[in-house]
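Chemist: Got a structure for you, data.csv, holding CSV, C-alpha atoms.
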chain,number,residue,atom,x,y,z
A,1,MET,CA,-30.2,-167.6,-152.0
A,2,MET,CA,-30.7,-164.5,-154.0
A,3,ILE,CA,-29.5,-161.4,-152.2
A,4,PRO,CA,-31.3,-158.1,-152.9
A,5,GLU,CA,-29.2,-155.3,-154.5
A,6,VAL,CA,-29.0,-151.6,-154.4
A,7,VAL,CA,-28.3,-149.4,-157.5
A,8,LEU,CA,-25.4,-147.1,-156.5
A,9,ASN,CA,-25.2,-143.5,-157.8
A,10,SER,CA,-22.5,-144.9,-160.3
A,11,GLY,CA,-25.3,-147.0,-161.9
A,12,HIS,CA,-23.7,-150.2,-160.7
A,13,ARG,CA,-25.5,-152.7,-158.5
A,14,MET,CA,-24.3,-153.8,-155.0
A,15,PRO,CA,-25.6,-156.8,-153.0
A,16,LEU,CA,-27.2,-155.6,-149.7
A,17,ILE,CA,-25.1,-157.7,-147.4
A,18,GLY,CA,-21.3,-158.0,-147.5
A,19,PHE,CA,-18.9,-160.6,-146.2
A,20,GLY,CA,-16.0,-159.0,-144.3
A,21,THR,CA,-12.5,-160.4,-144.4
A,22,GLY,CA,-10.7,-158.1,-141.9
A,23,CYS,CA,-9.3,-160.5,-139.3
A,24,ASP,CA,-6.3,-161.0,-137.0
A,25,PRO,CA,-4.9,-163.5,-137.0
A,26,ILE,CA,-5.8,-164.6,-140.6
A,27,PRO,CA,-7.1,-168.2,-140.4
A,28,ALA,CA,-5.3,-170.8,-142.5
A,29,ASN,CA,-8.5,-171.9,-144.2
A,30,LEU,CA,-9.7,-168.4,-145.2
A,31,THR,CA,-9.8,-169.2,-148.9
A,32,SER,CA,-12.0,-172.2,-148.4
A,33,THR,CA,-14.2,-170.2,-145.9
A,34,ILE,CA,-14.8,-167.6,-148.6
A,35,VAL,CA,-15.6,-170.3,-151.2
A,36,ASN,CA,-18.1,-171.7,-148.7
A,37,ALA,CA,-19.6,-168.2,-148.3
A,38,ILE,CA,-20.1,-168.1,-152.1
A,39,GLU,CA,-21.7,-171.5,-152.0
A,40,LEU,CA,-24.1,-170.3,-149.2
A,41,GLY,CA,-25.1,-167.3,-151.4
A,42,TYR,CA,-22.8,-164.4,-150.4
A,43,ARG,CA,-21.8,-162.3,-153.5
A,44,HIS,CA,-20.3,-159.2,-151.9
A,45,PHE,CA,-16.8,-159.5,-150.4
A,46,ASP,CA,-15.1,-156.7,-148.5
A,47,THR,CA,-11.3,-156.6,-148.2
A,48,ALA,CA,-8.6,-154.0,-147.9
A,49,SER,CA,-4.9,-153.5,-148.4
A,50,ILE,CA,-4.3,-153.3,-144.7
A,51,TYR,CA,-6.2,-156.5,-144.0
A,52,LYS,CA,-3.7,-158.6,-146.1
A,53,THR,CA,-6.6,-160.8,-147.2
A,54,GLU,CA,-6.9,-159.6,-150.9
A,55,GLU,CA,-5.1,-162.7,-152.2
A,56,PHE,CA,-7.5,-165.0,-150.3
A,57,VAL,CA,-10.5,-163.3,-151.8
A,58,GLY,CA,-9.0,-163.6,-155.3
A,59,GLN,CA,-8.1,-167.3,-154.8
A,60,ALA,CA,-11.6,-168.0,-153.6
A,61,ILE,CA,-13.2,-166.3,-156.7
A,62,THR,CA,-10.9,-168.4,-158.9
A,63,GLN,CA,-11.9,-171.6,-157.1
A,64,ALA,CA,-15.6,-170.7,-157.2
A,65,LEU,CA,-15.4,-170.2,-161.0
A,66,GLU,CA,-13.6,-173.5,-161.4
A,67,ARG,CA,-16.2,-175.3,-159.4
A,68,GLY,CA,-19.1,-173.6,-161.2
A,69,LEU,CA,-20.4,-171.9,-158.1
A,70,ILE,CA,-20.5,-168.7,-160.1
A,71,ASP,CA,-20.6,-168.4,-163.9
A,72,ASP,CA,-18.5,-165.2,-164.3
A,73,ARG,CA,-16.3,-162.7,-162.4
A,74,SER,CA,-19.2,-160.2,-162.7
A,75,ASP,CA,-21.3,-162.5,-160.4
A,76,VAL,CA,-19.4,-161.3,-157.4
A,77,PHE,CA,-18.9,-157.7,-156.0
A,78,VAL,CA,-15.5,-157.0,-154.6
A,79,THR,CA,-14.7,-154.0,-152.4
A,80,SER,CA,-11.1,-153.1,-151.4
A,81,LYS,CA,-9.7,-150.0,-149.8
A,82,LEU,CA,-6.8,-147.6,-150.1
A,83,TRP,CA,-4.7,-147.7,-147.0
A,84,CYS,CA,-3.7,-144.4,-145.3
A,85,SER,CA,0.0,-144.7,-146.3
A,86,ASP,CA,-1.1,-144.4,-150.0
A,87,ALA,CA,-3.6,-141.6,-149.4
A,88,ASP,CA,-1.8,-139.2,-151.8
A,89,HIS,CA,-2.5,-138.2,-155.3
A,90,ASP,CA,0.5,-139.9,-156.9
A,91,LEU,CA,0.2,-143.1,-154.8
A,92,VAL,CA,-3.5,-144.0,-155.4
A,93,LEU,CA,-3.2,-145.6,-158.9
A,94,PRO,CA,-0.1,-147.7,-158.0
A,95,ALA,CA,-1.8,-148.9,-154.8
A,96,LEU,CA,-4.9,-150.0,-156.7
A,97,LYS,CA,-2.8,-151.8,-159.3
A,98,GLU,CA,-1.1,-153.7,-156.5
A,99,THR,CA,-4.5,-154.6,-155.0
A,100,LEU,CA,-5.7,-155.9,-158.4
A,101,LYS,CA,-2.5,-157.9,-158.7
A,102,LYS,CA,-3.1,-159.5,-155.3
A,103,LEU,CA,-6.7,-160.2,-156.2
A,104,GLY,CA,-5.9,-161.5,-159.6
A,105,LEU,CA,-8.6,-159.3,-161.1
A,106,ASP,CA,-8.9,-156.7,-163.8
A,107,TYR,CA,-11.1,-154.4,-161.7
A,108,VAL,CA,-12.7,-154.0,-158.3
A,109,ASP,CA,-16.4,-153.2,-158.0
A,110,LEU,CA,-15.8,-150.6,-155.3
A,111,TYR,CA,-12.6,-148.9,-154.2
A,112,LEU,CA,-12.7,-146.8,-150.9
A,113,ILE,CA,-10.4,-144.4,-149.3
A,114,HIS,CA,-10.0,-146.3,-146.0
A,115,CYS,CA,-9.9,-143.3,-143.7
A,116,PRO,CA,-9.6,-139.5,-144.1
A,117,VAL,CA,-6.0,-139.8,-142.9
A,118,ARG,CA,-2.6,-139.9,-144.4
A,119,LEU,CA,0.3,-141.8,-142.9
A,120,LYS,CA,4.0,-142.0,-143.8
A,121,GLN,CA,4.7,-144.6,-146.5
A,122,GLY,CA,5.1,-148.1,-145.0
A,123,ALA,CA,3.1,-147.2,-141.8
A,124,VAL,CA,0.9,-150.0,-140.5
A,125,LYS,CA,-1.0,-150.4,-137.2
A,126,PRO,CA,0.1,-149.7,-134.6
A,127,PHE,CA,2.0,-146.6,-135.8
A,128,PRO,CA,3.6,-143.7,-133.9
A,129,LYS,CA,1.9,-140.3,-133.8
A,130,GLU,CA,4.7,-138.8,-135.9
A,131,ASP,CA,3.7,-141.0,-138.8
A,132,ILE,CA,0.4,-139.0,-139.2
A,133,LEU,CA,0.6,-136.5,-142.0
A,134,PRO,CA,-1.7,-133.8,-143.4
A,135,ILE,CA,-4.0,-135.3,-146.1
A,136,ASP,CA,-5.0,-133.6,-149.3
A,137,ILE,CA,-8.5,-135.1,-149.7
A,138,LYS,CA,-9.1,-133.1,-152.9
A,139,GLY,CA,-5.9,-134.4,-154.6
A,140,THR,CA,-6.4,-138.0,-153.4
A,141,TRP,CA,-10.0,-138.0,-154.6
A,142,GLU,CA,-8.9,-136.8,-158.1
A,143,ALA,CA,-6.7,-139.9,-158.3
A,144,MET,CA,-9.6,-142.0,-157.2
A,145,GLU,CA,-11.7,-140.5,-160.0
A,146,GLU,CA,-9.0,-141.4,-162.5
A,147,CYS,CA,-9.1,-145.0,-161.3
A,148,CYS,CA,-12.8,-145.0,-162.0
A,149,ARG,CA,-12.3,-143.5,-165.5
A,150,LEU,CA,-9.7,-146.1,-166.3
A,151,GLY,CA,-12.2,-148.8,-165.5
A,152,LEU,CA,-10.0,-150.2,-162.7
A,153,ALA,CA,-12.7,-149.4,-160.1
A,154,LYS,CA,-16.4,-149.6,-161.2
A,155,SER,CA,-17.4,-147.4,-158.3
A,156,ILE,CA,-15.4,-145.3,-155.8
A,157,GLY,CA,-16.2,-144.2,-152.3
A,158,VAL,CA,-14.9,-143.5,-148.8
A,159,SER,CA,-14.8,-145.1,-145.4
A,160,ASN,CA,-14.9,-143.5,-142.0
A,161,PHE,CA,-15.7,-140.1,-143.4
A,162,SER,CA,-17.5,-137.6,-141.1
A,163,CYS,CA,-20.1,-135.1,-142.2
A,164,LYS,CA,-17.4,-132.4,-142.4
A,165,ASN,CA,-15.0,-134.5,-144.5
A,166,LEU,CA,-17.7,-135.8,-146.7
A,167,SER,CA,-19.0,-132.2,-147.3
A,168,LEU,CA,-15.5,-131.1,-148.2
A,169,LEU,CA,-15.1,-134.0,-150.7
A,170,LEU,CA,-18.5,-133.3,-152.3
A,171,THR,CA,-17.5,-129.7,-153.0
A,172,ASN,CA,-14.3,-130.8,-154.7
A,173,SER,CA,-15.5,-133.9,-156.7
A,174,THR,CA,-16.5,-134.5,-160.3
A,175,ILE,CA,-17.5,-138.1,-159.5
A,176,PRO,CA,-19.4,-138.2,-156.2
A,177,PRO,CA,-18.6,-141.0,-153.7
A,178,ALA,CA,-21.0,-144.0,-154.2
A,179,VAL,CA,-20.5,-145.3,-150.7
A,180,ASN,CA,-19.4,-144.2,-147.2
A,181,GLN,CA,-18.6,-147.3,-145.1
A,182,VAL,CA,-18.7,-146.5,-141.5
A,183,GLU,CA,-19.3,-148.0,-138.1
A,184,MET,CA,-23.1,-148.5,-137.7
A,185,ASN,CA,-25.3,-150.6,-135.6
A,186,PRO,CA,-28.3,-150.1,-133.2
A,187,THR,CA,-25.9,-148.8,-130.5
A,188,TRP,CA,-24.2,-146.4,-132.9
A,189,GLN,CA,-26.9,-145.4,-135.4
A,190,GLN,CA,-25.2,-142.5,-137.3
A,191,LYS,CA,-28.5,-140.6,-137.8
A,192,LYS,CA,-26.8,-137.3,-138.7
A,193,LEU,CA,-24.3,-138.9,-141.1
A,194,LYS,CA,-26.9,-141.2,-142.7
A,195,LYS,CA,-29.2,-138.1,-143.4
A,196,LEU,CA,-26.3,-136.3,-145.1
A,197,CYS,CA,-25.5,-139.4,-147.2
A,198,ASP,CA,-29.2,-139.8,-148.2
A,199,GLU,CA,-29.4,-136.2,-149.2
A,200,ASN,CA,-26.4,-136.6,-151.5
A,201,GLY,CA,-27.3,-140.0,-153.0
A,202,ILE,CA,-24.4,-141.8,-151.1
A,203,HIS,CA,-25.1,-145.3,-150.0
A,204,VAL,CA,-24.0,-146.2,-146.4
A,205,SER,CA,-22.5,-149.6,-145.7
A,206,ALA,CA,-22.0,-150.6,-142.1
A,207,TRP,CA,-18.9,-152.2,-140.6
A,208,SER,CA,-19.2,-153.6,-137.0
A,209,PRO,CA,-22.9,-154.2,-137.5
A,210,LEU,CA,-22.9,-156.4,-134.3
A,211,GLY,CA,-20.6,-154.2,-132.3
A,212,ALA,CA,-17.5,-156.4,-132.8
A,213,ASN,CA,-18.5,-158.5,-129.7
A,214,GLY,CA,-15.6,-157.2,-127.6
A,215,ALA,CA,-12.9,-158.5,-129.9
A,216,HIS,CA,-9.7,-156.4,-130.0
A,217,TRP,CA,-12.1,-153.4,-129.7
A,218,GLY,CA,-15.8,-152.8,-129.6
A,219,SER,CA,-18.1,-154.3,-126.9
A,220,PHE,CA,-21.1,-156.6,-126.3
A,221,ALA,CA,-23.4,-153.5,-126.4
A,222,VAL,CA,-25.3,-154.9,-129.4
A,223,MET,CA,-25.4,-158.6,-128.6
A,224,LYS,CA,-26.4,-158.1,-125.0
A,225,ASN,CA,-28.8,-155.2,-125.4
A,226,PRO,CA,-32.1,-155.9,-123.6
A,227,ILE,CA,-34.2,-154.1,-126.2
A,228,LEU,CA,-32.7,-156.2,-129.0
A,229,GLU,CA,-33.0,-159.4,-126.9
A,230,GLU,CA,-36.7,-158.7,-126.3
A,231,ILE,CA,-37.4,-158.1,-130.0
A,232,ALA,CA,-35.4,-161.2,-130.9
A,233,VAL,CA,-37.5,-163.4,-128.6
A,234,THR,CA,-40.8,-161.9,-130.0
A,235,LYS,CA,-39.7,-162.4,-133.6
A,236,GLY,CA,-38.2,-165.9,-133.1
A,237,LYS,CA,-34.9,-164.5,-134.4
A,238,SER,CA,-31.4,-164.0,-133.1
A,239,VAL,CA,-30.1,-160.7,-131.7
A,240,ALA,CA,-27.7,-160.6,-134.6
A,241,GLN,CA,-30.5,-161.0,-137.2
A,242,VAL,CA,-32.5,-158.2,-135.5
A,243,SER,CA,-29.4,-155.9,-135.7
A,244,LEU,CA,-28.7,-156.7,-139.3
A,245,ARG,CA,-32.4,-156.3,-140.2
A,246,TRP,CA,-32.4,-152.9,-138.5
A,247,ILE,CA,-29.5,-151.8,-140.6
A,248,ASN,CA,-31.2,-153.1,-143.8
A,249,GLN,CA,-34.4,-151.2,-142.9
A,250,GLN,CA,-32.3,-148.0,-142.5
A,251,GLY,CA,-31.4,-148.4,-146.2
A,252,ALA,CA,-27.8,-149.4,-145.4
A,253,THR,CA,-25.7,-152.5,-146.2
A,254,PRO,CA,-24.2,-154.5,-143.3
A,255,ILE,CA,-20.7,-156.0,-143.7
A,256,VAL,CA,-20.9,-159.1,-141.6
A,257,LYS,CA,-17.9,-161.1,-140.4
A,258,SER,CA,-18.3,-164.6,-139.1
A,259,PHE,CA,-16.5,-167.7,-140.3
A,260,ASN,CA,-18.8,-170.0,-138.4
A,261,GLU,CA,-21.0,-171.7,-141.0
A,262,GLU,CA,-24.2,-171.7,-139.0
A,263,ARG,CA,-23.8,-168.0,-138.3
A,264,MET,CA,-22.9,-167.3,-141.9
A,265,LYS,CA,-26.2,-168.9,-142.9
A,266,GLU,CA,-28.1,-167.1,-140.1
A,267,ASN,CA,-26.7,-163.7,-141.2
A,268,LEU,CA,-28.2,-164.2,-144.7
A,269,GLN,CA,-31.7,-164.8,-143.3
A,270,ILE,CA,-32.7,-161.2,-142.9
A,271,PHE,CA,-34.6,-160.4,-146.1
A,272,ASP,CA,-37.9,-162.2,-145.8
A,273,TRP,CA,-39.3,-160.5,-142.7
A,274,GLU,CA,-39.5,-157.0,-141.2
A,275,LEU,CA,-39.3,-155.1,-137.9
A,276,THR,CA,-42.5,-153.2,-137.1
A,277,GLN,CA,-42.6,-149.5,-136.6
A,278,GLU,CA,-43.0,-150.0,-132.9
A,279,GLU,CA,-39.9,-152.2,-132.8
A,280,LEU,CA,-38.0,-149.6,-134.8
A,281,ASP,CA,-39.1,-146.9,-132.4
A,282,LYS,CA,-37.8,-148.9,-129.5
A,283,ILE,CA,-34.4,-149.4,-131.2
A,284,SER,CA,-34.2,-145.7,-131.8
A,285,GLN,CA,-34.2,-145.1,-128.0
A,286,ILE,CA,-31.1,-147.3,-127.4
A,287,PRO,CA,-28.3,-145.2,-125.7
A,288,GLN,CA,-25.6,-144.4,-128.3
A,289,LYS,CA,-21.9,-145.0,-128.0
A,290,ARG,CA,-19.2,-145.3,-130.7
A,291,GLY,CA,-17.4,-148.7,-130.5
A,292,SER,CA,-14.1,-147.6,-132.2
A,293,ALA,CA,-13.1,-144.1,-131.1
A,294,GLY,CA,-10.2,-143.7,-133.4
A,295,GLU,CA,-7.6,-142.3,-130.9
A,296,MET,CA,-4.8,-143.6,-133.1
A,297,PHE,CA,-5.5,-140.9,-135.7
A,298,VAL,CA,-5.4,-138.0,-133.2
A,299,SER,CA,-2.1,-136.2,-132.9
A,300,PRO,CA,-1.0,-132.7,-131.7
A,301,ASN,CA,0.8,-132.3,-135.0
A,302,GLY,CA,-1.7,-134.1,-137.3
A,303,PRO,CA,-4.8,-132.8,-139.0
A,304,TYR,CA,-7.0,-134.0,-136.1
A,305,LYS,CA,-6.0,-132.6,-132.7
A,306,SER,CA,-9.0,-134.2,-131.0
A,307,LEU,CA,-11.7,-136.9,-131.5
A,308,GLU,CA,-14.2,-134.1,-131.9
A,309,GLU,CA,-12.2,-132.8,-134.9
A,310,LEU,CA,-11.9,-136.4,-136.4
A,311,TRP,CA,-15.6,-137.1,-136.2
A,312,ASP,CA,-17.1,-133.5,-135.9
Let me see the structure of the file written as structure tokens.
Modeler:
Amino acid sequence: MMIPEVVLNSGHRMPLIGFGTGCDPIPANLTSTIVNAIELGYRHFDTASIYKTEEFVGQAITQALERGLIDDRSDVFVTSKLWCSDADHDLVLPALKETLKKLGLDYVDLYLIHCPVRLKQGAVKPFPKEDILPIDIKGTWEAMEECCRLGLAKSIGVSNFSCKNLSLLLTNSTIPPAVNQVEMNPTWQQKKLKKLCDENGIHVSAWSPLGANGAHWGSFAVMKNPILEEIAVTKGKSVAQVSLRWINQQGATPIVKSFNEERMKENLQIFDWELTQEELDKISQIPQKRGSAGEMFVSPNGPYKSLEELWD
């Protein structure tokens, strides 16, 4: 299956659906699952330092090359992310080099600042509030730009950046972010942020495109939404497909995460049909609620004293 692509502001192409690898616990067969995803047609793989899945993605790419499922490293698009404990000018390049070592690759296609937050070195979730430090977004982004100039990251971007943080970064950047990866689905549509990104040529990719289904966080707000259920029945599609198609028609890229083969196949089947304007209008009326509030990053002594400051 050929997956449509978007041309990022960096000039590089990115497949319009990504395969997420953030999972807890990490399944023993993750490498073979990613190889299977490649066999099914996925070409965009999303990982991060904090996920501890970079090595599995790298192993899967090696096996896919050996099996002839792909012809070249350039046939896959790999995204990884800078964790908050490395969100400092002098730590960015060493962190990316460690990521590349784990992946067994010479470059990543996209490298993102995971959050507009800095933590003490070595801090992992869950972390105490005193581990939250002030972040120098300007200095951190300068180091990200250097990674891009060195060819270690083809494109650079951010994740979980609000309008305020994105605007701050844009006023202090030489290379603009190519992507902002944020929570986005029909029950959290990000209209204001999407508009700002569109105006500045920044592509939006959507994590939690199905609302996380009440896993460690999130809810069933997407999968049990009556409007989406009604549209799914009318279309002869699943609620998941309707949600993913909605994201696609907003001009964004969903990052899906299912290791069930049938659902992996189903999630790819969103490109040969469309939601009507009437259906889009119905979806636009769905009540909005963020699935992941981000309380862990709020601290009396940190840069964000409230959720309102974190997300503006």
Chemist: For each of A:Leu268, A:Gln249, A:Ile202, A:Arg73, take the minimum atom-to-atom distance to Tyr42 in chain A, counting all atoms listed in the file, then give the residue where this is smallest.
Modeler: A:Leu268
Chemist: By how many Å are CA of Leu8 in chain A and CA of Val239 in chain A apart?
Modeler: 28.7 Å
Chemist: Give the answer as one residue: which of A:His114, A:Lys195, A:Lys120, A:Lys305 has the shortest atom-to-atom distance to Ala252 in chain A, using only C-alpha atoms?
Modeler: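 Under the stated criterion, the closest residue is A:Lys195.
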Chemist: Counting all atoms listed in the file, which residue out of A:Asn200, A:Asn185, A:Gln190, A:Gln59 sits closest to Leu166 in chain A?
Modeler: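 Among A:Asn200, A:Asn185, A:Gln190, A:Gln59, it is A:Asn200 that comes nearest to Leu166 in chain A.
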Chemist: Taking (-26.7, -148.8, -132.5) in the file's own coordinates, collect the residues within 8 Å, counting all atoms listed in the file, and hand them back as a list in words.
Modeler: Met184, Asn185, Pro186, Thr187, Trp188, Gln189, Val222, Ile283, Ile286, Pro287, Gln288 and Lys289 of chain A
Chemist: Taking the point (-15.6, -138.8, -145.8) as given in the file, collect each protein or nucleic acid residue that comes within 12 Å of it, counting only C-alpha atoms, and present the set as a VMD selection string.
Modeler: chain A and resid 112 to 117 137 to 138 140 to 141 156 to 171 173 176 to 182 193 to 194 196 to 197 202 204 310 to 312
Chemist: Need the shell around Ala48 in chain A: protein/DNA/RNA residues with any atom at most 8 Å away, counting only C-alpha atoms. Skip same-chain ones fewer than 6 positions apart. Format as a ChimeraX atom specification?
Modeler: /A:22,54,79-83
Chemist: Export, as a short mmCIF file (atom, residue, chain, number, x, y, z; two decimals), keeping the file's coordinate frame, the selected residues with C-alpha atoms.
Modeler:
data_model
loop_
_atom_site.label_atom_id
_atom_site.label_comp_id
_atom_site.auth_asym_id
_atom_site.auth_seq_id
_atom_site.Cartn_x
_atom_site.Cartn_y
_atom_site.Cartn_z
CA GLY A 22 -10.70 -158.10 -141.90
CA GLU A 54 -6.90 -159.60 -150.90
CA THR A 79 -14.70 -154.00 -152.40
CA SER A 80 -11.10 -153.10 -151.40
CA LYS A 81 -9.70 -150.00 -149.80
CA LEU A 82 -6.80 -147.60 -150.10
CA TRP A 83 -4.70 -147.70 -147.00
#
Chemist: Considering all atoms listed in the file, state which residue in the set A:Arg67, A:Cys84, A:Glu98, A:Asp106 is at the smallest distance from Val124 in chain A.
Modeler: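 For Val124 in chain A, the nearest of the candidates is A:Cys84.
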Chemist: Just to confirm, what's the straight-line distance from CA of Val35 in chain A to CA of Val76 in chain A in Å (one decimal)?
Modeler: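 Computing the Euclidean distance for CA of Val35 in chain A and CA of Val76 in chain A yields 11.6 Å.
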Chemist: What are the closest atom pairs, with distances in Å to one decimal, for each residue of range 24-66 of chain A lying within 12 Å of range 254-258 of chain A, using all atoms listed in the file, rows by chain and rising residue number, as CSV?
Modeler:
residue,atom,partner,partner_atom,distance
A:Pro27,CA,A:Ser258,CA,11.8
A:Leu30,CA,A:Ser258,CA,11.2
A:Thr33,CA,A:Ser258,CA,9.7
A:Ile34,CA,A:Ser258,CA,10.6
A:Asn36,CA,A:Ser258,CA,11.9
A:Ala37,CA,A:Ser258,CA,10.0
A:Tyr42,CA,A:Val256,CA,10.4
A:Arg43,CA,A:Ile255,CA,11.7
A:His44,CA,A:Ile255,CA,8.8
A:Phe45,CA,A:Ile255,CA,8.5
A:Asp46,CA,A:Ile255,CA,7.4
A:Thr47,CA,A:Ile255,CA,10.4
Chemist: Would you compute the distance between CA of Cys147 in chain A and CA of Phe56 in chain A? Give it in Å to one decimal.
Modeler: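 CA of Cys147 in chain A sits 22.9 Å away from CA of Phe56 in chain A.
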Chemist: Using all atoms listed in the file, can you tell me which of A:Ile175, A:Ala232, A:Leu133, A:Ala95 comes closest to Tyr304 in chain A?
Modeler: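 Of the candidates, the smallest distance to Tyr304 in chain A is held by A:Leu133.
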Chemist: Go through A:Met223, A:Ile17, A:Ile70, A:Leu228 and flag the residue nearest Glu5 in chain A, using all atoms listed in the file for the distances.
Modeler: A:Ile17
